[in-house]
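*Asks:* Enclosed is the structure file run.csv (CSV, C-alpha atoms).
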chain,number,residue,atom,x,y,z
X,1,MET,CA,-60.9,210.8,97.1
X,2,LYS,CA,-60.1,208.2,94.5
X,3,ASP,CA,-60.4,209.1,90.8
X,4,PHE,CA,-62.9,206.8,89.0
X,5,THR,CA,-62.9,208.8,85.8
X,6,GLY,CA,-63.5,206.5,82.8
X,7,LYS,CA,-65.1,203.8,85.0
X,8,THR,CA,-68.8,202.9,84.8
X,9,ALA,CA,-70.5,201.7,87.9
X,10,LEU,CA,-73.9,199.8,88.1
X,11,ILE,CA,-75.7,200.1,91.4
X,12,THR,CA,-78.8,198.0,91.9
X,13,GLY,CA,-81.3,199.5,94.3
X,14,GLY,CA,-79.5,202.7,93.5
X,15,ASN,CA,-82.5,204.9,93.6
X,16,GLY,CA,-82.5,205.5,97.4
X,17,GLY,CA,-80.9,205.0,100.7
X,18,ILE,CA,-77.5,203.3,100.8
X,19,GLY,CA,-77.5,202.6,97.1
X,20,LEU,CA,-78.1,206.2,96.1
X,21,ALA,CA,-75.4,207.4,98.6
X,22,ILE,CA,-72.9,205.0,97.0
X,23,ALA,CA,-74.0,206.1,93.5
X,24,GLU,CA,-73.3,209.7,94.5
X,25,GLY,CA,-70.0,208.9,96.0
X,26,LEU,CA,-68.7,207.0,93.0
X,27,GLY,CA,-70.2,209.7,90.7
X,28,LYS,CA,-68.5,212.5,92.5
X,29,ALA,CA,-65.3,210.6,92.1
X,30,GLY,CA,-65.7,210.6,88.3
X,31,ALA,CA,-67.5,207.4,87.5
X,32,ASP,CA,-70.5,207.2,85.1
X,33,ILE,CA,-73.4,205.7,87.0
X,34,ALA,CA,-76.2,203.2,86.0
X,35,ILE,CA,-79.0,202.8,88.5
X,36,TRP,CA,-81.3,199.8,88.5
X,37,GLY,CA,-84.5,200.1,90.5
X,38,ARG,CA,-88.1,198.8,90.3
X,39,ASN,CA,-89.8,202.1,91.0
X,40,PRO,CA,-89.8,204.5,88.0
X,41,GLU,CA,-90.6,207.6,90.1
X,42,LYS,CA,-87.8,206.9,92.5
X,43,ASN,CA,-85.5,206.2,89.6
X,44,ASP,CA,-86.3,209.6,88.1
X,45,SER,CA,-85.8,211.4,91.4
X,46,ALA,CA,-82.4,209.7,92.0
X,47,LEU,CA,-81.4,210.5,88.4
X,48,ALA,CA,-82.2,214.1,88.9
X,49,THR,CA,-80.2,214.2,92.2
X,50,LEU,CA,-77.2,212.8,90.4
X,51,CYS,CA,-77.4,214.9,87.3
X,52,ASP,CA,-77.9,218.1,89.3
X,53,GLN,CA,-74.4,217.3,90.7
X,54,GLY,CA,-72.9,217.0,87.2
X,55,ILE,CA,-72.8,213.2,87.4
X,56,THR,CA,-73.3,211.3,84.2
X,57,ALA,CA,-76.1,208.8,85.0
X,58,HIS,CA,-78.8,206.6,83.5
X,59,ALA,CA,-81.6,204.8,85.3
X,60,TYR,CA,-83.3,201.6,84.3
X,61,VAL,CA,-86.5,199.9,85.6
X,62,VAL,CA,-85.3,196.5,86.6
X,63,ASP,CA,-86.6,193.7,88.9
X,64,VAL,CA,-83.5,191.9,90.0
X,65,GLY,CA,-85.5,189.0,91.2
X,66,ASP,CA,-86.6,188.2,87.6
X,67,GLU,CA,-84.0,186.5,85.4
X,68,THR,CA,-85.3,187.9,82.1
X,69,SER,CA,-85.4,191.4,83.6
X,70,VAL,CA,-81.8,191.1,84.8
X,71,SER,CA,-80.5,189.7,81.5
X,72,ASP,CA,-82.3,192.2,79.2
X,73,SER,CA,-81.4,195.1,81.4
X,74,PHE,CA,-77.8,194.2,81.5
X,75,THR,CA,-77.7,194.1,77.8
X,76,GLN,CA,-79.5,197.4,77.5
X,77,THR,CA,-77.1,199.0,80.1
X,78,ILE,CA,-74.1,197.9,78.1
X,79,ALA,CA,-75.6,199.1,74.9
X,80,GLU,CA,-76.2,202.6,76.2
X,81,MET,CA,-73.2,203.0,78.5
X,82,GLY,CA,-70.6,201.0,76.6
X,83,LYS,CA,-69.3,198.9,79.4
X,84,ILE,CA,-69.5,198.2,83.1
X,85,ASP,CA,-66.4,198.1,85.4
X,86,ILE,CA,-68.0,198.1,88.8
X,87,VAL,CA,-71.2,196.5,90.2
X,88,VAL,CA,-72.6,197.2,93.6
X,89,ALA,CA,-75.4,194.8,94.3
X,90,ASN,CA,-77.5,196.7,96.8
X,91,ALA,CA,-81.1,196.0,95.9
X,92,GLY,CA,-83.0,194.2,98.7
X,93,VAL,CA,-86.3,193.8,100.4
X,94,PRO,CA,-87.1,193.2,104.1
X,95,GLY,CA,-89.1,190.3,105.4
X,96,ASP,CA,-92.6,190.8,106.6
X,97,GLY,CA,-91.7,190.5,110.3
X,98,SER,CA,-93.2,187.1,110.9
X,99,PRO,CA,-91.7,184.5,113.2
X,100,ILE,CA,-90.6,181.4,111.4
X,101,HIS,CA,-93.6,179.3,112.3
X,102,LYS,CA,-95.8,182.0,110.6
X,103,THR,CA,-93.5,182.4,107.6
X,104,SER,CA,-94.9,181.0,104.4
X,105,VAL,CA,-92.9,179.4,101.6
X,106,ALA,CA,-94.1,182.2,99.3
X,107,GLU,CA,-92.7,184.9,101.7
X,108,TRP,CA,-89.4,183.0,102.0
X,109,ARG,CA,-89.0,182.8,98.3
X,110,ARG,CA,-90.1,186.4,97.8
X,111,VAL,CA,-87.2,187.6,99.9
X,112,MET,CA,-84.7,185.1,98.5
X,113,ALA,CA,-85.6,186.1,94.9
X,114,VAL,CA,-84.4,189.6,95.4
X,115,ASP,CA,-81.8,189.5,98.2
X,116,LEU,CA,-79.9,186.4,97.1
X,117,ASP,CA,-81.0,185.3,93.7
X,118,GLY,CA,-80.9,188.8,92.4
X,119,VAL,CA,-77.3,189.3,93.4
X,120,PHE,CA,-76.3,185.9,91.9
X,121,MET,CA,-78.0,186.8,88.5
X,122,THR,CA,-76.5,190.3,88.4
X,123,PHE,CA,-73.0,189.1,89.3
X,124,ARG,CA,-73.3,186.2,86.8
X,125,ALA,CA,-74.0,188.7,84.0
X,126,ALA,CA,-71.3,191.0,85.2
X,127,VAL,CA,-68.6,188.3,85.4
X,128,GLU,CA,-69.4,187.2,81.8
X,129,HIS,CA,-69.1,190.8,80.6
X,130,LEU,CA,-65.8,191.4,82.5
X,131,ILE,CA,-64.2,188.2,81.3
X,132,GLU,CA,-65.0,189.0,77.7
X,133,ARG,CA,-63.4,192.5,78.2
X,134,GLY,CA,-60.4,191.0,79.9
X,135,VAL,CA,-59.7,194.1,82.0
X,136,GLY,CA,-60.8,193.0,85.5
X,137,GLY,CA,-63.3,194.8,87.7
X,138,ALA,CA,-64.9,195.1,91.1
X,139,LEU,CA,-68.1,193.4,92.4
X,140,VAL,CA,-69.6,194.4,95.8
X,141,ALA,CA,-72.4,192.6,97.5
X,142,VAL,CA,-74.3,194.6,100.1
X,143,SER,CA,-74.9,192.2,102.9
X,144,SER,CA,-76.0,193.1,106.4
X,145,THR,CA,-75.1,192.7,110.1
X,146,ALA,CA,-78.1,190.4,110.0
X,147,ALA,CA,-75.6,187.9,108.6
X,148,VAL,CA,-73.6,188.1,111.8
X,149,HIS,CA,-76.2,188.2,114.6
X,150,GLY,CA,-79.6,186.4,114.8
X,151,ALA,CA,-82.3,188.2,112.8
X,152,ALA,CA,-85.3,187.2,114.9
X,153,ASN,CA,-88.7,187.6,113.0
X,154,ASN,CA,-86.6,188.3,109.9
X,155,ILE,CA,-85.1,185.0,109.2
X,156,PRO,CA,-85.4,184.9,105.4
X,157,TYR,CA,-83.6,188.3,105.2
X,158,GLY,CA,-80.8,187.1,107.6
X,159,VAL,CA,-80.4,183.9,105.7
X,160,ALA,CA,-80.2,185.7,102.3
X,161,LYS,CA,-77.7,188.1,103.6
X,162,THR,CA,-75.6,185.3,105.0
X,163,GLY,CA,-75.8,183.6,101.6
X,164,LEU,CA,-74.2,186.7,100.1
X,165,LEU,CA,-71.1,186.1,102.1
X,166,GLY,CA,-70.7,182.6,100.7
X,167,LEU,CA,-71.3,183.9,97.2
X,168,THR,CA,-68.7,186.6,97.8
X,169,ARG,CA,-66.0,184.2,99.0
X,170,GLY,CA,-66.7,181.5,96.3
X,171,LEU,CA,-66.8,184.0,93.4
X,172,ALA,CA,-63.7,185.8,94.7
X,173,VAL,CA,-61.7,182.6,94.3
X,174,GLU,CA,-63.3,181.7,91.0
X,175,ALA,CA,-62.9,185.2,89.4
X,176,ALA,CA,-59.5,186.2,90.7
X,177,ARG,CA,-57.7,184.7,87.7
X,178,TYR,CA,-59.6,187.3,85.6
X,179,GLY,CA,-58.6,190.2,87.7
X,180,ILE,CA,-62.2,190.5,89.1
X,181,ARG,CA,-62.3,191.3,92.8
X,182,VAL,CA,-65.4,190.4,94.8
X,183,ASN,CA,-66.1,191.7,98.3
X,184,ALA,CA,-69.1,192.4,100.6
X,185,LEU,CA,-70.2,195.4,102.6
X,186,SER,CA,-72.3,194.8,105.7
X,187,PRO,CA,-74.1,197.9,107.0
X,188,GLY,CA,-75.4,198.0,110.6
X,189,TRP,CA,-78.5,199.8,111.7
X,190,THR,CA,-78.8,202.6,109.1
X,191,LYS,CA,-81.6,205.1,108.6
X,192,THR,CA,-83.3,204.2,105.3
X,193,ASP,CA,-86.8,203.7,104.0
X,194,MET,CA,-86.4,200.0,104.7
X,195,THR,CA,-85.6,200.6,108.4
X,196,GLU,CA,-88.1,203.4,108.9
X,197,GLN,CA,-90.4,201.3,111.1
X,198,GLY,CA,-87.6,200.2,113.4
X,199,TYR,CA,-86.1,203.6,113.7
X,200,GLY,CA,-89.5,205.1,114.5
X,201,TRP,CA,-90.1,202.6,117.3
X,202,ASP,CA,-88.6,204.5,120.3
X,203,LYS,CA,-87.9,201.4,122.4
X,204,PHE,CA,-86.1,199.6,119.6
X,205,ARG,CA,-84.2,202.7,118.5
X,206,GLU,CA,-83.0,203.4,122.0
X,207,ALA,CA,-81.9,199.8,122.6
X,208,THR,CA,-79.9,199.5,119.4
X,209,THR,CA,-78.4,203.0,119.9
X,210,LYS,CA,-77.2,202.1,123.4
X,211,ARG,CA,-75.6,198.9,122.1
X,212,THR,CA,-73.8,200.9,119.4
X,213,PRO,CA,-70.5,202.3,120.7
X,214,VAL,CA,-70.7,205.4,118.6
X,215,ARG,CA,-74.2,206.0,120.0
X,216,ARG,CA,-76.1,206.6,116.9
X,217,TRP,CA,-77.6,204.9,113.9
X,218,GLY,CA,-75.8,205.1,110.6
X,219,GLU,CA,-76.6,207.4,107.7
X,220,PRO,CA,-76.4,206.1,104.1
X,221,GLU,CA,-73.4,208.3,103.6
X,222,ASP,CA,-71.5,206.4,106.3
X,223,MET,CA,-71.2,203.4,103.9
X,224,VAL,CA,-69.6,205.4,101.1
X,225,PRO,CA,-65.9,205.4,102.2
X,226,ALA,CA,-65.9,201.6,102.5
X,227,ALA,CA,-67.7,201.2,99.2
X,228,ILE,CA,-65.2,203.5,97.5
X,229,PHE,CA,-62.4,201.4,98.8
X,230,LEU,CA,-64.0,198.1,97.7
X,231,CYS,CA,-64.5,199.5,94.2
X,232,ASP,CA,-61.0,201.0,93.9
X,233,PRO,CA,-59.2,199.5,91.0
X,234,GLU,CA,-55.9,200.0,92.9
X,235,ALA,CA,-57.0,197.6,95.7
X,236,VAL,CA,-55.9,194.6,93.6
X,237,TYR,CA,-55.0,192.4,96.6
X,238,HIS,CA,-58.2,192.8,98.5
X,239,THR,CA,-60.9,190.2,97.6
X,240,GLY,CA,-63.2,187.8,99.2
X,241,GLN,CA,-63.7,189.9,102.3
X,242,ASN,CA,-66.6,191.4,104.2
X,243,ILE,CA,-66.3,194.9,105.6
X,244,VAL,CA,-68.7,195.6,108.5
X,245,VAL,CA,-69.7,199.3,108.9
X,246,ASP,CA,-71.9,199.4,112.0
X,247,GLY,CA,-70.5,201.8,114.5
X,248,GLY,CA,-69.2,198.9,116.5
X,249,TYR,CA,-72.6,197.2,117.0
X,250,THR,CA,-71.5,193.7,116.3
X,251,ILE,CA,-68.5,193.8,118.6
X,252,TYR,CA,-70.2,195.3,121.7
Take the structure in the file and write it out as structure tokens.
*Replies:*
Amino acid sequence: MKDFTGKTALITGGNGGIGLAIAEGLGKAGADIAIWGRNPEKNDSALATLCDQGITAHAYVVDVGDETSVSDSFTQTIAEMGKIDIVVANAGVPGDGSPIHKTSVAEWRRVMAVDLDGVFMTFRAAVEHLIERGVGGALVAVSSTAAVHGAANNIPYGVAKTGLLGLTRGLAVEAARYGIRVNALSPGWTKTDMTEQGYGWDKFREATTKRTPVRRWGEPEDMVPAAIFLCDPEAVYHTGQNIVVDGGYTIY
């Protein structure tokens, strides 16, 4: 386990699922944790989970799809926690399951606002802060295997997650001179609140499990080792990359 003592990590969407698992992993490794989430009750529950493990953590009610909310919350987080060294942009929403000819512009923009725009605005604030501090840092965009294979009936989500890979590569080049590393993490089929409907559909769960070489869906905790590596300040030569953690789904 790496030692993140003295580091402060911000995890958007850190009040559940993969985000909370990453927050726990970084917290157990010594980092102070800031959670951003839209649901106050989930924030409080996640905060209790972290604090019960002796992790120093704060939670903030933030809508990452709103520019003012992101800007104000970043300022508040810095004021209360002193600094941010690591950002894991995990907050996301699924599409409504419509085929493209039934997808409204409002639905398209709803998904993009959180899944793509939210990461852009969060990273923009983080880069400005890290450049001012002059100490480097790590940014991780949580993408998806939906950026690798076709996401039928979920095209806005798949396009947004694909966009994150372009954001990762471009920002990695731009920010490297400041010692800021930018990478992406792409989970495969993972049991979370967002995927509850798919996992609960027997036919779909069985089909995706059979296509996965390790023969199971992922757990949020399966993403933590890769996230820890991407946040590791010693991984100074690793930037602009996408790590897929999917049990082999995309290669089978």
*Asks:* Applying 9 Å and only C-alpha atoms, which residues near X:Ile11 remain after dropping the ones on its own chain fewer than 4 positions away? List them as an MDAnalysis selection string.
*Replies:* chainID X and resid 15 19:20 22:23 33:37 86:91
*Asks:* One number please: atom CA of X:Ala106 to atom CA of X:Ser186, in Å, one decimal.
*Replies:* 26.0 Å
*Asks:* What does the structure give for the distance between atom CA of X:Asp202 and atom CA of X:His149, in Å to one decimal?
*Replies:*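 Straight-line distance from atom CA of X:Asp202 to atom CA of X:His149 works out to 21.3 Å.
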*Asks:* For atom CA of X:Ile155 and atom CA of X:Val182, quote the distance in Å rounded to one decimal.
*Replies:*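 Computed distance, atom CA of X:Ile155 to atom CA of X:Val182, equals 25.0 Å.
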*Asks:* Around all the atoms of stretch 232-242 of chain X listed in the file, draw an axis-aligned box and extend it by 3 Å on each of the six sides; I want its centre and edge lengths in Å to one decimal, as lines of an AutoDock Vina configuration file.
*Replies:*
center_x = -60.8
center_y = 194.4
center_z = 97.6
size_x = 17.6
size_y = 19.2
size_z = 19.2
